[in-house]
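Have a look at the structure below, then the notes.
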Amino acid sequence: MNDTQQPSTIYLKDYQVPPFLIDKTDLVFDLSATATSVTATLSMRRNPEFPDTTTPLVLHGGDEVKLIAVAIDDYQLPEAEYSLVDHDLVVTATPDVFTLTIETLINPQANTRLEGLYRSSSMFCTQCEAEGFRHITYYLDRPDVMSIFTTKIIAEQGAYPVMLANGNQIETGILEEGKHFAVWHDPFPKPAYLFALVAGDLAKITDTFTTMSGKSVQLEMYTEDHNIDKVDYAMDSLKRSMKWDEEVYGREYDLDIFMVVAVDDFNMGAMENKGLNIFNSSCLLASPTTTTDDGYLRVEAVVAHEYFHNWSGNRVTCRDWFQLSLKEGFTVFRDQMFSADMNSAVVKRVEDVAFLRTAQFAEDAGPMAHPVRPASFIEISNFYTLTVYEKGAEIVRMLHTLLGEEAFRKGSDLYFSRHDGQAVTCDDFLAAMQDASGVNLTQFARWYSQAGTPKLTVTSHYDAEQQNYQLTVLQMTPVTPNQPTKLALHIPIKVGLIGRDGTELTTAHQGISAKEHTLHLTELEQTFEFKGVSQDAVPSLLRGFSAPVKLDYAFNSQELLLLMSSDSDGFNRWNACQQLAVNELLALIEQVKAGEPLKTEFELVQGFASILQDDTLDPAMVALMLSLPTAAYLSELVEEIDPQAIAKARKHLKETMAKQLSDLLLACYHKNHHAEPYAPTPKQMAKRSLKNAALGYLAVLEVNRSLVQEQLAQADNMTDEFAALNAAVHNKHEQADNMLADFYSKWSHEALVVNKWLMLMAGQEHPQGLQRIKNLMTHDAFDLKNPNKIRSLLGGLGQNIDVFHNLDGSGYEFLADLIIELDKKNPQIASRLCTPLTRWRKMKPELSALMEQQLQRIMAEPLSKDVYEVVAKSLT
């Protein structure tokens with residue numbers, strides 16, 4: 001696809017109900033690696049809500065689906081009575097009620113796009129969200145067409161003893177020629193994107209869960225045999241998720257069985273198919289020797305997320321793909337709250353906000369900026385974005401803040417009861433919350449339709465005589481593509497006041513005395529008054545990050561130190577520490593660009609020293625506070641991105657901290673180093689995170705090189721082992737190459753560990769860095785068909801400033817080559833690889849021109865809709 005062959009844009013405003021409905025879907029799969037036959041028998045009728053009763057039947061299809069036969073009732077249609085138009089099946093005349101039978105043939109082995117039915121290793125699996133089912137058979141592949149599915153799977157018994165699909169298994173049997181069959185029935189209507197099928201020679205573990213009404217549910221987790229010892233933690237996470245959803249939301253599981261399958265080749269993290277969740281192996285497998293603490297937390301969160309979708313996504317689904325955040329934003333919020341309850345709520349909040357401010361804010365400021373409910377798209381796969389997921393979750397969190405926990409629960413109960421079995425919209429979700437709480441959410445609804453990250457500019461005034469404190473807040477949302485005009489949003493701002501003596505003050509606002517207030521910003525400019533303020537104060541603004549906004553308040557260094565030491569809000573203590581570090585780094589970046597000697601102020605060293613000596617703090621919080629702002633986050637704060645200057649500034653500040661705080665860091669390291677048997681508990685994880693944060697600084701100094709080597713040699717868990725290896729590689733340890741070679745030799749049989757090795761290898765600074773990365777692509781450890789390996793390699797490349805941002809443009813050229821090659825195999829992954837190039841306008845001029853050149857080169861190629869949309873918008 002190029003300039004002369006532009007794809008069409010789909011608009012929310014053009015939505016129409018489907019002309020036809022499918023009440024029942026009966027599927028028969030006769031599985032073969034290269035020639036799987038699919039027979040779909042569809043009980044159909046015209047939709048009484050669609051005005052035109054003469055509209056032909058149009059079923060979506062994929063270019064690799066071979067049509068064998070079409071029949072209406074028992075009448076085999078001749079070719080004159082149907083046609084194939086742009087891969088869709090068009091039947092010109094149908095009765096009002098009829099049975100449509102379609103026979104198709106597909107080649108799962110050749111399916112490299114990993115949509116529809118495909119092969120991963122020796123197993124069959126599916127991925128049908130968003131529009132993958134059309135790559136299996138012709139169908140009304142849209143989320144507002146919900147049907148009762150019955151699936152019969154036929155396969156060779158020896159090669160595929162396990163055959164799974166949605167719902168409950170109702171029949172099995174033996175056939176001739178070594179084949180067998182299994183029939184699965186899902187009693188709950190669902191759209192085709194929730195269909196799932198798995199077949200293979202798989203091992204499993206089983207457990208049971210008793211629901212709050214006393215029903216026993218069979219739990220099963222499947223992997224290839226060599227990984228079955230790595231799913232116990234996922235099973236425990238599933239049971240915790242089921243219990244939490246009952247206790248917090250009153251949601252009970254509804255089928256007799258819940259199954260989860262690990263798949264190595266998967267575009268996404270996991271998929272919530274009804275009763276049969278399919279997971280990327282990286283989000284399900286966990287063992288102490290192969291999985292870091294972060295990996296354990298990810299497994300717990302993703303298992304919870306996909307399980308919670310059973311109600312917020314499956315039982316109540318989205319009417320159209322513009323409403324994607326209806327299920328994803330709500331479910332991300334639910335999994336965040338679950339993880340907060342299972343672990344440290346403050347740490348979880350800090351981690352989520354750090355990710356949001358780095359990645360989603362960048363998306364909001366880039367060419368692909370869009371509202372949480374987009375107004376249009378070319379390819380829906382491009383809108384599985386951080387805006388839809390993470391910002392969508394922040395919108396739900398703001399609702400929770402505005403309504404309060406009790407009213408929010410009433411709203412969710414009403415939403416589920418009112419819309420069970422329906423495909424609905426974000427407006428329906430808001431209506432349930434409004435009706436249950438009595439709170440008018442008309443202005444709040446703008447969060448779903450207005451793109452961009454709002455900026456709050458805050459000033460304060462204290463009147464000592466009147467003991468009156470004022471905060472004046474201005475909100476401004478910048479212009480984004482296709483949205484030049486921005487309206488005032490309803491923004492909840494949690495605030496407290498910290499006296500200059502470190503006391504948290506009780507103040508009166510609108511007649512309510514408290515230490516914390518939630519302000520309702522509804523105008524472009526608004527002043528809030530607090531009475532009974534006994535002394536001048538430092539405002540603790542946006543506590544808990546109560547809204548996804550940028551905040552501008554002129555804190556000086558001493559005020560930030562005060563917040564770090566005295567604020568009762570853990571998030572704002574971390575944020576004050578981050579802001580101190582940001583201030584230092586921004587100054588250093590300017591010094592680098594000006595060619596000046598690099599120097600730092602004393603306040604950040606003082607702040608780091610104080611938290612290292614504060615035994616009352618959670619070790620996990622201390623680790624987060626010690627973490628310097630990332631290069632990606634700093635890139636969003638500067639007017640013009642200079643990757644080399646940012647890297648030099650961060651390196652200098654890290655070296656300064658390591659030298660100034662060496663004794664405290666060493667004491668911290670030894671204090672948190674323990675010999676207990678590994679357990680993925682919050683207490684142990686916290687200690688490991690702080691120990692390894694200290695090691696990251698200590699490794700900068702040559703005197704501590706032996707400490708790194710010692711931890712690597714003695715580690716009995718992947719968290720400590722990988723932290724030591726990472727510290728060695730990124731601090732140019734003289735043994736780093738040998739360490740990497742030994743690590744690969746030790747773990748070459750563990751695919752997920754090898755992915756970590758790939759990332760480190762690609763991220764290692766080396767004079768021949770780009771050639772080394774190219775060599776990795778021909779290494780036995782790499783496979784261009786596997787998304788996890790691509791993400792690992794490119795993740796390392798992105799961290800390798802000297803290679804990716806080389807002034808000769810070779811890093812950008814390499815990425816463009818990979819995008820062009822991958823677009824022919826897996827357009828979803830190819831389009832996501834474009835993201836670094838989309839920020840070209842913000843780069844320093846010499847890099848900006850090189851990035852634009854590669855985007856133009858990509859644009860000149862025949863492209864998928866996925867890549868075309870991203871590149872075209874980037875160049876517009």
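Starting from 1 in every chain, residues are counted up; chains themselves are A, B, ... following the order of the structure tokens, and ligands are numbered from 1 as listed.
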>> Neighbouring residues of Asp88 in chain A were defined as those with any atom within 7 Å, considering only C-alpha atoms; residues of the same chain fewer than 3 positions away were excluded. Please report them as a ChimeraX atom specification.
In response: /A:58-61,84-85
> as a VMD selection string, which residues of range 616-650 of chain A does DSSP assign to alpha helix (DSSP H)?
Replying inline: chain A and resid 619 to 626 631 to 637 643 to 650
>> Can you pull out the residues contacting range 469-483 of chain A? Cut-off 7 Å, using only C-alpha atoms, and skip same-chain residues under 5 positions away; I want them as a list in words.
In response: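 The contact residues come out as Pro367, Ala369, Ala451, Gly452, Thr453, Pro454, Lys455, Leu456, Thr457, Val458, Thr459, Ser460, His461, Tyr462, Asp463, Leu524, Glu525, Gln526, Thr527, Phe528, Glu529, Phe530, Lys531 and Val533 of chain A.
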Output for the residues just chosen: C-alpha atoms as an mmCIF file, in the first residue's frame:
data_model
loop_
_atom_site.group_PDB
_atom_site.id
_atom_site.type_symbol
_atom_site.label_atom_id
_atom_site.label_comp_id
_atom_site.auth_asym_id
_atom_site.auth_seq_id
_atom_site.Cartn_x
_atom_site.Cartn_y
_atom_site.Cartn_z
ATOM 1 C CA PRO A 367 1.392 12.003 15.893
ATOM 2 C CA ALA A 369 -2.379 11.023 19.814
ATOM 3 C CA ALA A 451 -7.085 13.772 23.394
ATOM 4 C CA GLY A 452 -3.920 15.093 24.988
ATOM 5 C CA THR A 453 -2.451 15.372 28.468
ATOM 6 C CA PRO A 454 -3.841 18.346 30.432
ATOM 7 C CA LYS A 455 -1.324 20.629 32.116
ATOM 8 C CA LEU A 456 -2.159 22.180 35.490
ATOM 9 C CA THR A 457 -0.346 25.366 36.419
ATOM 10 C CA VAL A 458 -0.700 26.014 40.148
ATOM 11 C CA THR A 459 0.184 29.098 42.220
ATOM 12 C CA SER A 460 -0.326 29.632 45.956
ATOM 13 C CA HIS A 461 -0.881 32.553 48.307
ATOM 14 C CA TYR A 462 -0.844 32.557 52.104
ATOM 15 C CA ASP A 463 -2.444 35.295 54.213
ATOM 16 C CA LEU A 524 -10.148 26.692 32.934
ATOM 17 C CA GLU A 525 -9.089 28.732 35.974
ATOM 18 C CA GLN A 526 -10.244 28.242 39.535
ATOM 19 C CA THR A 527 -9.171 29.371 43.006
ATOM 20 C CA PHE A 528 -9.590 27.139 46.067
ATOM 21 C CA GLU A 529 -9.486 28.497 49.629
ATOM 22 C CA PHE A 530 -8.376 26.764 52.822
ATOM 23 C CA LYS A 531 -9.162 28.316 56.173
ATOM 24 C CA VAL A 533 -4.111 27.518 58.196
#
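Atom pair CA of Lys179 in chain A / CA of Ile136 in chain A has a distance of 21.4 Å (rounded to one decimal).
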> So which one's closest to Pro108 in chain A, A:Asp30, A:Asp96, A:Glu765, A:Asp427? Using only C-alpha atoms, please.
Replying inline: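 Nearest candidate to Pro108 in chain A out of A:Asp30, A:Asp96, A:Glu765, A:Asp427: A:Asp30.
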> When DSSP works through the backbone of this structure, what residues of range 49-287 of chain A end up as strand (DSSP E), shown as an NGL selection string?
Replying inline: :A and (57-59 or 66-72 or 75-76 or 82-85 or 88-91 or 97-106 or 116-120 or 123-127 or 147-156 or 162-165 or 168-174 or 179-190 or 197-200 or 203-210 or 216-223 or 257-263 or 270-271 or 276-280)
> What is the CA of Pro189 in chain A to CA of His87 in chain A distance in Å?
Replying inline: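 Value for the CA of Pro189 in chain A-CA of His87 in chain A distance: 26.2 Å.
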> What lies within 6 Å of range 490-503 of chain A using only C-alpha atoms, ignoring chain neighbours under 4 positions off, as a list in words?
Replying inline: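 Residues near the query, excluding close chain neighbours: Phe444, Lys515, Glu516, His517, Thr518, Leu519, His520, Leu521, Thr522, Ala537, Val538, Pro539, Ser540, Leu541, Leu542, Arg543, Ser546 and Ser566 of chain A.
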>> Could you check the closest approach to Met625 in chain A for each of A:His766, A:Arg573, A:Lys152, A:His749 and tell me which residue wins, using only C-alpha atoms?
In response: A:Arg573
> What lies within 10 Å of Glu869 in chain A using only C-alpha atoms, ignoring chain neighbours under 5 positions off, as a PyMOL selection string?
Replying inline: chain A and resi 6-7+9+368+377-379+382+831+859+863-864+874
Could you turn the residues from that selection into a file that holds C-alpha atoms, as a PDB file, in the first residue's frame?
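Okay, this is what ended up in selection.pdb:
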ATOM      1  CA  GLN A   6      -4.577   4.569   0.513  1.00  0.00           C
ATOM      2  CA  PRO A   7      -6.717   2.500   2.882  1.00  0.00           C
ATOM      3  CA  THR A   9     -10.725   5.351   7.394  1.00  0.00           C
ATOM      4  CA  MET A 368      -0.698   9.028  17.006  1.00  0.00           C
ATOM      5  CA  PHE A 377      -8.992   4.550  12.763  1.00  0.00           C
ATOM      6  CA  ILE A 378      -7.605   2.797   9.721  1.00  0.00           C
ATOM      7  CA  GLU A 379      -6.423  -0.379  11.467  1.00  0.00           C
ATOM      8  CA  ASN A 382      -2.963   0.214  16.118  1.00  0.00           C
ATOM      9  CA  SER A 831       3.574  -1.230  13.257  1.00  0.00           C
ATOM     10  CA  MET A 859       6.297   4.906   3.154  1.00  0.00           C
ATOM     11  CA  LEU A 863       2.548  -1.544   3.274  1.00  0.00           C
ATOM     12  CA  SER A 864      -0.070  -3.177   5.442  1.00  0.00           C
ATOM     13  CA  SER A 874       3.907  10.521  11.598  1.00  0.00           C
TER      14      SER A 874
END
>> Excluding Lys825 in chain A and its own-chain neighbours fewer than 2 positions away, which residues fall within 8 Å of it when counting only C-alpha atoms? Please give them as a PyMOL selection string.
In response: chain A and resi 112-113+785+821-823+827
> Neighbours of range 606-608 of chain A within 7 Å (only C-alpha atoms; same-chain residues fewer than 4 positions away dropped), as JSON, numbers by chain?
Replying inline: {"A": [561, 602, 612, 626]}
